[in-house]
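Student: So that we are looking at the same thing, I have put the structure below in structure tokens.
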Amino acid sequence: MSLVIDDRAQWICQWRGPMLRFACLHLSPREEAEDAVQDALIALLEIDFDKLQAADPKRYLFGILKNKITDRLRKRYSGEVSYCEAFSDDLDVYLFNERSHWIEGVAPTGWHRPDERLQTDQFFAVVDLCVHNLPTKPAQVFSMKEFLECDTDEICTTLGLSKTDYWQCMSRARKQIQLCLSQKWFGGASL
């Protein structure tokens with residue numbers, strides 16, 4: 001039985017920090033995010049270890065956490081709420097000229113052999129940094145779509161967004177993440 005506890009303890013030590021950062025992106029105050037992570041880790045301890053031996057720890061733990069976060073968000077948000085989080089500036093003004101062409105110096109550069117770089121932990125650390133630098137609402141929408149793999153209707157229902165608000169958040173998040181990655185990763189800058 002001690003082997004079971006040791007393996008689970010190793011999973012918890014390795015993944016608790018990343019799980020908490022992810023939960024903090026979706027839940028505030030921090031205590032609520034910590035509670036969601038704690039609930040996910042408790043669920044891990046309640047599962048038969050034989051089922052866990054073949055599981056990918058990251059995928060399994062974040063799958064549990066996704067459900068815990070989604071449950072908490074559903075409880076928090078009820079009813080339609082319009083997108084009211086204002087951006088301090090319109091990102092398009094800084095990226096495109098009056099003819100809708102990229103402004104020189106900010107256009108994305110060619111990404112050489114991205115399949116190799118995508119596999120590195122450092123790349124995902126930069127992606128994490130870029131997502132965490134987004135305004136709250138676009139970060140939540142992007143993260144729910146891309147990391148939690150929620151569908152559009154579920155995101156709109158959970159966060160109380162209209163479809164228009166959803167698409168606006170996704171568009172802005174993708175533009176800002178692309179710009180951030182171009183500057184902090186593909187442009188050659190290092191962490």
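Here, A, B, ... name the chains of the structure tokens in the order displayed, residue numbers run from 1 inside each chain, and ligands are numbered from 1 in the same displayed order.
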What are the DSSP helix (DSSP H, G or I) residues of region 124-179 of chain A, as a PDB file with C-alpha atoms, in the first residue's frame?

Tutor:
```
ATOM      1  CA  PHE A 124       4.917  26.051 -22.650  1.00  0.00           C
ATOM      2  CA  ALA A 125       6.265  28.252 -19.865  1.00  0.00           C
ATOM      3  CA  VAL A 126       6.173  31.176 -22.327  1.00  0.00           C
ATOM      4  CA  VAL A 127       2.639  30.231 -23.442  1.00  0.00           C
ATOM      5  CA  ASP A 128       1.626  30.147 -19.779  1.00  0.00           C
ATOM      6  CA  LEU A 129       3.175  33.595 -19.276  1.00  0.00           C
ATOM      7  CA  CYS A 130       1.369  34.966 -22.348  1.00  0.00           C
ATOM      8  CA  VAL A 131      -2.013  33.608 -21.225  1.00  0.00           C
ATOM      9  CA  HIS A 132      -1.537  34.947 -17.693  1.00  0.00           C
ATOM     10  CA  THR A 136      -9.119  38.257 -17.097  1.00  0.00           C
ATOM     11  CA  LYS A 137     -12.127  37.554 -19.312  1.00  0.00           C
ATOM     12  CA  PRO A 138     -10.200  36.715 -22.534  1.00  0.00           C
ATOM     13  CA  ALA A 139      -7.786  34.573 -20.495  1.00  0.00           C
ATOM     14  CA  GLN A 140     -10.682  32.612 -19.011  1.00  0.00           C
ATOM     15  CA  VAL A 141     -12.383  32.135 -22.371  1.00  0.00           C
ATOM     16  CA  PHE A 142      -9.157  31.111 -24.154  1.00  0.00           C
ATOM     17  CA  SER A 143      -8.102  28.773 -21.381  1.00  0.00           C
ATOM     18  CA  MET A 144     -11.498  27.100 -21.172  1.00  0.00           C
ATOM     19  CA  LYS A 145     -11.515  26.562 -24.940  1.00  0.00           C
ATOM     20  CA  GLU A 146      -7.916  25.499 -25.508  1.00  0.00           C
ATOM     21  CA  THR A 152     -18.485  27.266 -27.192  1.00  0.00           C
ATOM     22  CA  ASP A 153     -21.952  26.775 -25.719  1.00  0.00           C
ATOM     23  CA  GLU A 154     -20.540  25.484 -22.442  1.00  0.00           C
ATOM     24  CA  ILE A 155     -18.162  28.451 -22.149  1.00  0.00           C
ATOM     25  CA  CYS A 156     -20.932  30.948 -22.904  1.00  0.00           C
ATOM     26  CA  THR A 157     -23.252  29.295 -20.378  1.00  0.00           C
ATOM     27  CA  THR A 158     -20.585  28.958 -17.691  1.00  0.00           C
ATOM     28  CA  LEU A 159     -19.291  32.522 -17.980  1.00  0.00           C
ATOM     29  CA  LYS A 163     -21.693  34.242 -28.616  1.00  0.00           C
ATOM     30  CA  THR A 164     -20.540  37.660 -29.844  1.00  0.00           C
ATOM     31  CA  ASP A 165     -18.698  38.282 -26.592  1.00  0.00           C
ATOM     32  CA  TYR A 166     -17.162  34.805 -26.786  1.00  0.00           C
ATOM     33  CA  TRP A 167     -15.789  35.338 -30.301  1.00  0.00           C
ATOM     34  CA  GLN A 168     -14.514  38.803 -29.410  1.00  0.00           C
ATOM     35  CA  CYS A 169     -12.653  37.385 -26.416  1.00  0.00           C
ATOM     36  CA  MET A 170     -11.166  34.528 -28.466  1.00  0.00           C
ATOM     37  CA  SER A 171     -10.077  36.857 -31.265  1.00  0.00           C
ATOM     38  CA  ARG A 172      -8.372  39.275 -28.898  1.00  0.00           C
ATOM     39  CA  ALA A 173      -6.766  36.494 -26.875  1.00  0.00           C
ATOM     40  CA  ARG A 174      -5.349  34.814 -29.971  1.00  0.00           C
ATOM     41  CA  LYS A 175      -3.957  38.087 -31.313  1.00  0.00           C
ATOM     42  CA  GLN A 176      -2.331  38.961 -28.007  1.00  0.00           C
ATOM     43  CA  ILE A 177      -0.907  35.466 -27.517  1.00  0.00           C
ATOM     44  CA  GLN A 178       0.452  35.461 -31.075  1.00  0.00           C
ATOM     45  CA  LEU A 179       2.102  38.824 -30.485  1.00  0.00           C
TER      46      LEU A 179
END
```

Student: Write out as JSON, numbers by chain which residues come within 7 Å of Val37 (chain A) when counting only C-alpha atoms, dropping same-chain ones fewer than 5 positions away.

Tutor: {"A": [19, 20, 65]}

Student: May I have the residues within 8 Å of region 59-61 of chain A as JSON, numbers by chain, using only C-alpha atoms and disregarding those fewer than 6 positions away in the same chain?

Tutor: {"A": [15, 40, 41, 44]}

Student: Ranking A:Ala33, A:Ile42, A:Trp185, A:Thr70 by minimum distance to Glu149 (chain A) and counting only C-alpha atoms, which one comes first?

Tutor: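 Going through A:Ala33, A:Ile42, A:Trp185, A:Thr70 one by one, the smallest distance to Glu149 (chain A) is for A:Thr70.
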
Student: Let me make sure I understand: among A:Ile103, A:Ile64, A:Phe123, A:Arg76, which one has the smallest atom-to-atom distance to Phe186 (chain A) if we use only C-alpha atoms?

Tutor: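 The shortest atom-to-atom distance to Phe186 (chain A) comes from A:Phe123.
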